[in-house]
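Shown next: structure-v9.txt, given as compact mmCIF, C-alpha atoms and all ligand atoms.
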# COMPACT_ATOMS: atom_id res chain seq x y z
CA MET A 96 -10.19 -22.65 13.36
CA SER A 97 -10.91 -18.95 13.66
CA ALA A 98 -12.98 -17.24 10.97
CA TYR A 99 -11.15 -16.32 7.79
CA ARG A 100 -9.81 -12.76 7.66
CA GLY A 101 -7.98 -11.69 4.54
CA ARG A 102 -7.05 -8.41 2.93
CA PHE A 103 -5.79 -6.59 -0.11
CA ALA A 104 -3.05 -4.11 0.73
CA PRO A 105 -2.03 -1.99 -2.25
CA THR A 106 0.63 0.69 -2.13
CA PRO A 107 -0.93 3.75 -3.79
CA SER A 108 2.15 4.61 -5.81
CA GLY A 109 -0.14 4.66 -8.85
CA PRO A 110 -3.39 3.11 -10.08
CA LEU A 111 -3.82 -0.67 -10.13
CA HIS A 112 -2.65 -2.67 -13.17
CA VAL A 113 -3.24 -6.29 -14.19
CA GLY A 114 -0.50 -7.50 -11.81
CA SER A 115 -2.20 -5.92 -8.82
CA LEU A 116 -5.62 -7.09 -10.05
CA ILE A 117 -4.38 -10.67 -9.75
CA ALA A 118 -3.54 -10.15 -6.07
CA ALA A 119 -6.80 -8.30 -5.40
CA LEU A 120 -8.93 -10.88 -7.21
CA ALA A 121 -7.25 -13.98 -5.76
CA SER A 122 -7.40 -12.66 -2.20
CA PHE A 123 -11.05 -11.65 -2.73
CA LEU A 124 -12.08 -15.04 -4.15
CA ASP A 125 -10.21 -16.90 -1.42
CA ALA A 126 -11.97 -14.88 1.30
CA ARG A 127 -15.40 -15.07 -0.31
CA LEU A 128 -15.23 -18.84 -0.87
CA ALA A 129 -14.40 -19.18 2.83
CA ARG A 130 -17.28 -16.79 3.69
CA GLY A 131 -14.62 -14.72 5.37
CA HIS A 132 -13.82 -11.05 5.82
CA TRP A 133 -11.93 -9.23 3.05
CA GLY A 134 -10.48 -5.91 4.13
CA LEU A 135 -8.79 -3.16 2.19
CA ARG A 136 -5.68 -1.51 3.56
CA ILE A 137 -4.02 1.35 1.72
CA GLU A 138 -0.28 1.14 2.38
CA ASP A 139 0.48 4.83 2.16
CA VAL A 140 3.49 4.95 4.46
CA ASP A 141 5.62 6.62 1.81
CA PRO A 142 3.80 9.82 0.77
CA PRO A 143 6.53 11.02 -1.64
CA ARG A 144 5.95 7.83 -3.66
CA CYS A 145 2.15 8.20 -3.63
CA PRO A 146 0.78 10.73 -6.13
CA PRO A 147 -2.37 12.58 -5.09
CA GLY A 148 -5.49 10.83 -6.27
CA ALA A 149 -3.91 7.38 -6.58
CA SER A 150 -5.76 5.96 -3.56
CA ASP A 151 -9.09 7.25 -4.84
CA ALA A 152 -8.39 5.73 -8.24
CA ILE A 153 -7.67 2.36 -6.59
CA LEU A 154 -11.00 2.45 -4.73
CA ARG A 155 -12.86 3.26 -7.98
CA GLN A 156 -11.03 0.49 -9.83
CA LEU A 157 -11.89 -2.11 -7.17
CA GLU A 158 -15.54 -1.03 -7.28
CA ALA A 159 -15.57 -1.26 -11.09
CA PHE A 160 -14.33 -4.87 -10.86
CA GLY A 161 -16.98 -5.70 -8.25
CA LEU A 162 -14.33 -6.28 -5.59
CA HIS A 163 -16.26 -4.79 -2.69
CA TRP A 164 -14.36 -4.83 0.58
CA ASP A 165 -15.76 -5.32 4.07
CA GLY A 166 -15.67 -2.57 6.68
CA PRO A 167 -13.88 0.75 6.51
CA VAL A 168 -10.68 1.23 4.51
CA ALA A 169 -7.57 1.11 6.72
CA TRP A 170 -4.88 3.72 6.07
CA GLN A 171 -1.30 3.13 7.14
CA SER A 172 -0.65 6.86 7.24
CA ALA A 173 -2.85 7.00 10.37
CA ARG A 174 -0.91 4.32 12.22
CA ASP A 175 2.27 6.05 13.42
CA ASP A 176 1.64 5.31 17.10
CA ALA A 177 1.15 1.59 16.56
CA TYR A 178 4.38 1.33 14.57
CA ALA A 179 6.30 3.40 17.14
CA THR A 180 5.09 1.11 19.94
CA ALA A 181 6.22 -1.98 18.01
CA LEU A 182 9.62 -0.47 17.28
CA ALA A 183 10.12 0.49 20.93
CA ARG A 184 9.31 -3.09 21.90
CA LEU A 185 11.81 -4.48 19.42
CA GLU A 186 14.45 -2.08 20.69
CA ALA A 187 13.79 -3.14 24.28
CA LEU A 188 14.20 -6.77 23.18
CA GLY A 189 17.55 -5.90 21.58
CA LEU A 190 16.13 -6.77 18.16
CA ALA A 191 16.16 -3.28 16.58
CA TYR A 192 19.03 -0.82 16.40
CA PRO A 193 19.71 2.62 14.95
CA CYS A 194 21.96 2.73 11.90
CA SER A 195 23.65 5.76 10.35
CA CYS A 196 25.27 3.93 7.42
CA SER A 197 24.39 4.90 3.88
CA ARG A 198 23.85 2.48 1.02
CA LYS A 199 26.93 4.00 -0.62
CA GLN A 200 29.14 2.96 2.29
CA TRP A 201 28.25 -0.71 2.00
CA ARG A 202 27.77 -0.89 -1.77
CA ASP A 203 30.49 -3.57 -2.10
CA TYR A 204 28.53 -5.97 0.13
CA PRO A 205 25.52 -8.02 -0.93
CA ILE A 206 23.63 -7.15 2.28
CA TYR A 207 24.16 -4.54 4.99
CA PRO A 208 27.10 -5.90 7.07
CA GLY A 209 25.66 -4.79 10.43
CA TRP A 210 28.31 -2.20 11.30
CA CYS A 211 25.98 -0.25 13.60
CA ARG A 212 24.82 -3.33 15.54
CA ASP A 213 27.01 -2.48 18.51
CA GLY A 214 26.56 1.28 18.38
CA LEU A 215 26.02 3.98 15.80
CA CYS A 216 29.02 4.41 13.50
CA GLU A 217 28.26 8.13 13.10
CA PRO A 218 26.09 9.26 16.03
CA ASP A 219 25.64 12.82 14.74
CA LYS A 220 24.13 11.73 11.44
CA PRO A 221 20.45 10.92 10.82
CA HIS A 222 19.73 7.26 11.49
CA ALA A 223 17.42 4.56 10.28
CA TRP A 224 16.29 1.59 12.40
CA ARG A 225 17.16 -1.95 11.41
CA LEU A 226 16.12 -5.43 12.53
CA ARG A 227 18.72 -7.76 14.10
CA SER A 228 18.03 -10.54 11.65
CA ASP A 229 20.82 -12.62 13.24
CA LEU A 230 19.17 -12.67 16.69
CA GLY A 231 15.55 -13.34 15.76
CA LEU A 232 13.82 -16.58 14.83
CA ARG A 233 16.18 -18.66 12.64
CA PRO A 234 15.67 -20.43 10.38
CA VAL A 235 12.20 -19.32 9.39
CA ARG A 236 9.94 -22.04 8.01
CA TRP A 237 6.40 -22.02 6.82
CA GLU A 238 4.17 -23.94 4.46
CA ASP A 239 3.12 -21.72 1.60
CA ARG A 240 -0.28 -22.78 0.25
CA LEU A 241 1.06 -22.66 -3.30
CA PHE A 242 4.85 -22.83 -3.14
CA GLY A 243 4.92 -25.50 -0.41
CA PRO A 244 7.53 -25.79 2.36
CA GLN A 245 9.70 -22.70 2.73
CA ARG A 246 12.91 -22.33 4.67
CA PHE A 247 14.98 -19.15 4.89
CA ASP A 248 17.71 -17.86 7.16
CA PRO A 249 16.84 -14.17 7.62
CA ALA A 250 20.47 -13.41 8.55
CA GLU A 251 21.36 -14.24 4.95
CA LEU A 252 18.78 -11.71 3.79
CA GLY A 253 20.19 -8.98 6.04
CA ASP A 254 19.11 -6.50 8.70
CA VAL A 255 16.09 -5.03 6.99
CA VAL A 256 15.12 -1.39 7.59
CA LEU A 257 12.13 -0.88 9.91
CA LYS A 258 12.13 2.90 9.93
CA ARG A 259 13.88 5.03 7.38
CA LYS A 260 16.33 7.85 7.95
CA ASP A 261 13.74 10.33 6.76
CA GLY A 262 11.40 9.14 9.53
CA LEU A 263 9.07 7.13 7.27
CA TRP A 264 7.99 3.67 8.37
CA ALA A 265 9.16 0.75 6.29
CA TYR A 266 6.81 -1.80 4.77
CA GLN A 267 8.08 -4.82 6.79
CA LEU A 268 7.16 -3.37 10.17
CA ALA A 269 3.92 -1.73 9.07
CA VAL A 270 2.56 -4.84 7.37
CA VAL A 271 3.20 -7.06 10.40
CA VAL A 272 1.69 -4.64 12.91
CA ASP A 273 -1.38 -4.02 10.75
CA ASP A 274 -2.01 -7.64 9.82
CA ALA A 275 -1.98 -8.50 13.53
CA ASP A 276 -4.14 -5.56 14.63
CA GLN A 277 -6.65 -6.31 11.89
CA GLY A 278 -6.76 -9.99 12.83
CA ILE A 279 -5.57 -11.07 9.38
CA ASN A 280 -5.03 -14.82 9.37
CA GLU A 281 -4.82 -15.41 5.59
CA VAL A 282 -2.40 -13.52 3.35
CA VAL A 283 -2.77 -13.88 -0.43
CA ARG A 284 -0.32 -11.74 -2.41
CA GLY A 285 2.28 -11.77 -5.17
CA ALA A 286 5.35 -14.02 -5.13
CA ASP A 287 7.55 -10.93 -5.24
CA LEU A 288 6.92 -10.81 -1.48
CA LEU A 289 7.80 -14.47 -0.82
CA ASP A 290 11.33 -13.57 0.30
CA ASN A 291 10.04 -10.70 2.45
CA THR A 292 8.02 -13.19 4.49
CA PRO A 293 11.03 -14.39 6.56
CA TRP A 294 11.52 -10.90 8.04
CA GLN A 295 7.80 -10.63 8.66
CA ARG A 296 7.78 -14.01 10.40
CA GLN A 297 10.76 -12.90 12.53
CA LEU A 298 8.90 -9.73 13.50
CA GLN A 299 5.70 -11.63 14.32
CA HIS A 300 7.66 -14.05 16.45
CA ALA A 301 9.56 -11.29 18.28
CA LEU A 302 6.40 -9.30 18.96
CA GLY A 303 4.39 -12.35 20.02
CA LEU A 304 1.94 -11.98 17.11
CA PRO A 305 0.08 -14.85 15.47
CA GLU A 306 1.32 -16.34 12.19
CA PRO A 307 -1.07 -16.00 9.26
CA ARG A 308 -1.21 -18.59 6.48
CA TYR A 309 0.39 -17.50 3.23
CA LEU A 310 -0.48 -18.04 -0.40
CA HIS A 311 1.93 -16.35 -2.79
CA LEU A 312 0.76 -15.98 -6.36
CA PRO A 313 2.83 -16.37 -9.54
CA LEU A 314 3.78 -12.99 -10.94
CA VAL A 315 2.30 -11.55 -14.08
CA MET A 316 4.95 -10.68 -16.63
CA GLY A 317 4.61 -8.32 -19.55
CA ASP A 318 5.50 -9.20 -23.12
CA ASP A 319 9.03 -7.98 -22.36
CA GLY A 320 9.50 -10.70 -19.73
CA GLN A 321 9.55 -8.14 -16.91
CA LYS A 322 7.26 -8.16 -13.91
CA LEU A 323 4.35 -5.80 -14.53
CA SER A 324 4.72 -2.78 -12.33
CA LYS A 325 4.00 0.89 -12.13
CA GLN A 326 7.71 1.45 -12.75
CA ASN A 327 7.57 -0.21 -16.16
CA LEU A 328 4.35 1.62 -16.93
CA ALA A 329 1.91 -1.26 -16.94
CA PRO A 330 -1.40 0.19 -18.19
CA ALA A 331 -3.82 1.30 -15.47
CA LEU A 332 -7.00 -0.73 -15.00
CA PRO A 333 -10.26 0.95 -16.06
CA GLU A 334 -12.59 2.60 -13.58
CA THR A 335 -15.94 1.66 -15.12
CA GLU A 336 -17.78 -1.64 -14.93
CA PRO A 337 -18.33 -2.22 -18.68
CA GLU A 338 -14.63 -1.70 -19.37
CA ALA A 339 -13.70 -3.96 -16.46
CA ARG A 340 -15.62 -7.00 -17.83
CA PRO A 341 -13.12 -8.37 -20.35
CA LEU A 342 -10.20 -7.66 -18.02
CA LEU A 343 -11.83 -9.52 -15.16
CA HIS A 344 -12.28 -12.50 -17.45
CA HIS A 345 -8.66 -12.19 -18.54
CA ALA A 346 -7.51 -12.07 -14.88
CA LEU A 347 -9.51 -15.24 -14.07
CA THR A 348 -7.84 -16.91 -17.04
CA LEU A 349 -4.39 -15.79 -15.86
CA LEU A 350 -5.23 -17.34 -12.49
CA ASP A 351 -5.91 -20.68 -14.27
CA GLN A 352 -9.54 -20.67 -13.22
CA ALA A 353 -10.71 -21.43 -16.78
CA PRO A 354 -13.78 -19.17 -16.74
CA PRO A 355 -16.45 -20.11 -19.33
CA VAL A 356 -15.97 -18.17 -22.59
CA GLU A 357 -19.64 -17.14 -22.50
CA LEU A 358 -18.79 -14.99 -19.46
CA ALA A 359 -16.14 -12.96 -21.28
CA GLU A 360 -18.38 -9.92 -21.67
CA ALA A 361 -20.72 -10.63 -18.75
CA PRO A 362 -21.24 -8.08 -15.96
CA VAL A 363 -18.57 -8.38 -13.31
CA ALA A 364 -21.13 -9.46 -10.68
CA GLU A 365 -22.05 -12.43 -12.88
CA GLN A 366 -18.41 -13.38 -13.48
CA LEU A 367 -17.67 -13.21 -9.76
CA ALA A 368 -20.80 -15.22 -8.93
CA TRP A 369 -19.31 -17.97 -11.09
CA ALA A 370 -15.72 -17.48 -9.89
CA ILE A 371 -16.29 -17.60 -6.11
CA PRO A 372 -17.69 -21.16 -5.87
CA HIS A 373 -15.21 -22.32 -8.52
CA TRP A 374 -12.14 -20.72 -6.91
CA SER A 375 -9.36 -23.27 -6.76
CA PRO A 376 -5.86 -22.06 -5.95
CA ALA A 377 -4.66 -25.61 -6.64
CA ARG A 378 -5.12 -24.86 -10.32
CA LEU A 379 -2.16 -22.49 -10.11
CA ARG A 380 0.91 -24.54 -10.71
CA ALA A 381 3.27 -24.39 -7.72
CA ASP A 382 6.36 -23.47 -9.64
CA PRO A 383 8.34 -20.49 -8.35
CA GLU A 384 9.76 -19.90 -11.81
CA ARG A 385 6.35 -19.83 -13.40
CA ARG A 386 5.32 -16.58 -14.95
CA LEU A 387 1.86 -15.58 -16.05
CA THR A 388 2.33 -13.86 -19.36
CA ASP A 389 -0.04 -11.02 -19.80
CA ALA A 390 -0.31 -11.26 -23.56
CA ALA A 391 -3.61 -9.39 -23.71
CA GLY A 392 -2.72 -6.82 -21.07
N1 LIG A 401 1.70 -3.01 -0.29
C1 LIG A 401 2.34 -4.13 -0.90
C2 LIG A 401 2.36 -3.95 -2.40
O1 LIG A 401 1.57 -3.18 -2.94
C3 LIG A 401 1.68 -5.46 -0.62
C4 LIG A 401 1.68 -5.80 0.81
C5 LIG A 401 1.22 -7.20 1.14
O2 LIG A 401 0.31 -7.74 0.51
O3 LIG A 401 1.77 -7.73 2.11
O4 LIG A 401 3.19 -4.57 -3.04
As structure tokens, how would this structure be written, given the file I've shared?
Ligand code: GLU
Amino acid sequence: MSAYRGRFAPTPSGPLHVGSLIAALASFLDARLARGHWGLRIEDVDPPRCPPGASDAILRQLEAFGLHWDGPVAWQSARDDAYATALARLEALGLAYPCSCSRKQWRDYPIYPGWCRDGLCEPDKPHAWRLRSDLGLRPVRWEDRLFGPQRFDPAELGDVVLKRKDGLWAYQLAVVVDDADQGINEVVRGADLLDNTPWQRQLQHALGLPEPRYLHLPLVMGDDGQKLSKQNLAPALPETEPEARPLLHHALTLLDQAPPVELAEAPVAEQLAWAIPHWSPARLRADPERRLTDAAG
């Protein structure tokens, strides 16, 4: 088996919160236990959604928690050419098409009905690019390390956008191209992306890229029963090591790693030195409905 290469890939739409800490910490522990490479990729493909300073705050937060990444930080904003090459290839394969339809036009349908598949409905209007989910790999199956066997028909999920009308690259294409170019063979991330994986698998298959292994993590919910997110104003993580200590312990507890209580206030390096050899994803119950309640967060 090739050497482990994992990553943490935050979108800098704001500072990290406990929900994103779970993904950062679990992917870090998984890579470190395997003595693998753990890269950091800033997914800044959507500048209007990324306030100035958010990326820098994320780097400081990761440092404060002792989550030191390997190698230089990768920035999606510098990767236009790679995404354009991949899109051109998909178009040549007949697996990507331009689409002028607006969300408003198909609002009565659960997914985009594919009206532009055989030619642009309104050629003079700006157009996005979509994936022919009906022509790619179907069904898509994989064995999630936590959620077990997965089976999806991407055509039921719809023709996902690969490039937006405003010219910005969409997450699905960027993540697949970057994971492949960075040699990522282990993806550890939140379960909110479980049903994005079928499109990513279709894209990997179409572009002849290797398939990473996947471990999707249960989501952290706030007291209100909603997924923690920047949108619902989950509190930002601290940027100093002493403040990070109790939160790191809390995150290990949320991940069912049962860290010793004596470590609750210990320096982050000490907590991580315990957590790496003890990392056991099997402790996370494989229940898609499971929610990690962030009572202390
Ligand atoms: N950038 C994505 C996010 O912040 C995660 C991408 C991934 O891990 O595949 O939700």
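Remark: residues at most 10 Å from position (21.2, -11.2, 3.9) in file coordinates are Tyr204, Pro205, Ile206, Tyr207, Pro208, Ser228, Asp229, Asp248, Pro249, Ala250, Glu251, Leu252, Gly253, Asp254 and Val255 of chain A, using all atoms listed in the file.
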Dump C-alpha atoms for the selected residues as an mmCIF file, in the coordinates of the input?
data_model
loop_
_atom_site.group_PDB
_atom_site.id
_atom_site.type_symbol
_atom_site.label_atom_id
_atom_site.label_comp_id
_atom_site.auth_asym_id
_atom_site.auth_seq_id
_atom_site.Cartn_x
_atom_site.Cartn_y
_atom_site.Cartn_z
ATOM 1 C CA TYR A 204 28.530 -5.970 0.130
ATOM 2 C CA PRO A 205 25.520 -8.020 -0.930
ATOM 3 C CA ILE A 206 23.630 -7.150 2.280
ATOM 4 C CA TYR A 207 24.160 -4.540 4.990
ATOM 5 C CA PRO A 208 27.100 -5.900 7.070
ATOM 6 C CA SER A 228 18.030 -10.540 11.650
ATOM 7 C CA ASP A 229 20.820 -12.620 13.240
ATOM 8 C CA ASP A 248 17.710 -17.860 7.160
ATOM 9 C CA PRO A 249 16.840 -14.170 7.620
ATOM 10 C CA ALA A 250 20.470 -13.410 8.550
ATOM 11 C CA GLU A 251 21.360 -14.240 4.950
ATOM 12 C CA LEU A 252 18.780 -11.710 3.790
ATOM 13 C CA GLY A 253 20.190 -8.980 6.040
ATOM 14 C CA ASP A 254 19.110 -6.500 8.700
ATOM 15 C CA VAL A 255 16.090 -5.030 6.990
#
Proximity check chain A to ligand LIG 401 (chain A), 9 Å, nearest pairs one decimal Å, only C-alpha atoms and all ligand atoms, as a tab-separated table:
residue	atom	partner	partner_atom	distance
A:Arg102	CA	A:LIG401	O2	7.8
A:Phe103	CA	A:LIG401	O2	6.2
A:Ala104	CA	A:LIG401	O2	5.0
A:Pro105	CA	A:LIG401	O1	3.9
A:Thr106	CA	A:LIG401	O1	4.1
A:Pro107	CA	A:LIG401	O1	7.4
A:Ser108	CA	A:LIG401	O1	8.3
A:Ser115	CA	A:LIG401	O1	7.5
A:Ala118	CA	A:LIG401	O2	8.0
A:Arg136	CA	A:LIG401	N1	8.5
A:Ile137	CA	A:LIG401	N1	7.5
A:Glu138	CA	A:LIG401	N1	5.3
A:Asp139	CA	A:LIG401	N1	8.3
A:Tyr266	CA	A:LIG401	N1	7.3
A:Gln267	CA	A:LIG401	O3	8.4
A:Val270	CA	A:LIG401	O3	6.1
A:Val271	CA	A:LIG401	O3	8.4
A:Asp274	CA	A:LIG401	O3	8.6
A:Val282	CA	A:LIG401	O2	7.0
A:Val283	CA	A:LIG401	O2	6.9
A:Arg284	CA	A:LIG401	O2	5.0
A:Gly285	CA	A:LIG401	O2	7.2
A:Asp287	CA	A:LIG401	O4	8.0
A:Leu288	CA	A:LIG401	O3	7.0
A:Asn291	CA	A:LIG401	O3	8.8
A:Thr292	CA	A:LIG401	O3	8.6
Give me, as a list in words, all polymer residues having an atom no more than 9 Å from Pro362 (chain A), counting only C-alpha atoms and skipping those fewer than 3 positions away in the same chain.
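Close residues of Pro362 (chain A): Glu336, Pro337, Ala339, Arg340, Leu358, Ala359, Glu365, Gln366 and Leu367 of chain A.
A straight line drawn from CA of Arg100 (chain A) to CA of Trp133 (chain A) is 6.2 Å long.
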Close residues, region 232-240 of chain A itself excluded, 8 Å, all atoms listed in the file, min 6 positions apart in chain, as a list in words:
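Using all atoms listed in the file, the neighbours found are Arg246, Phe247, Asp248, Pro249, Ala250, Pro293, Arg296, Gln297, His300, Ala301, Arg308, Tyr309, Leu310 and His311 of chain A.
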How many Å lie between CA of Arg155 (chain A) and CA of Asp176 (chain A), rounded to one decimal?
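Those two atoms sit 29.0 Å apart.
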If I take CA of Leu162 (chain A) and CA of Gly278 (chain A), how far is one from the other in Å, to one decimal?
20.3 Å
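Residue nearest Ala183 (chain A), chosen from A:Leu257, A:Ala121, A:Leu230, A:Ala364 and counting only C-alpha atoms: A:Leu257.
For the set A:Leu185, A:Cys194, A:Ala119, A:Ala98, the residue with the smallest atom-to-atom gap to Leu135 (chain A) is A:Ala119, counting all atoms listed in the file.
Nearest to Pro376 (chain A) of all the residues A:Ser150, A:Asn280, A:Ser195, A:Gln352 is A:Gln352, based on all atoms listed in the file.
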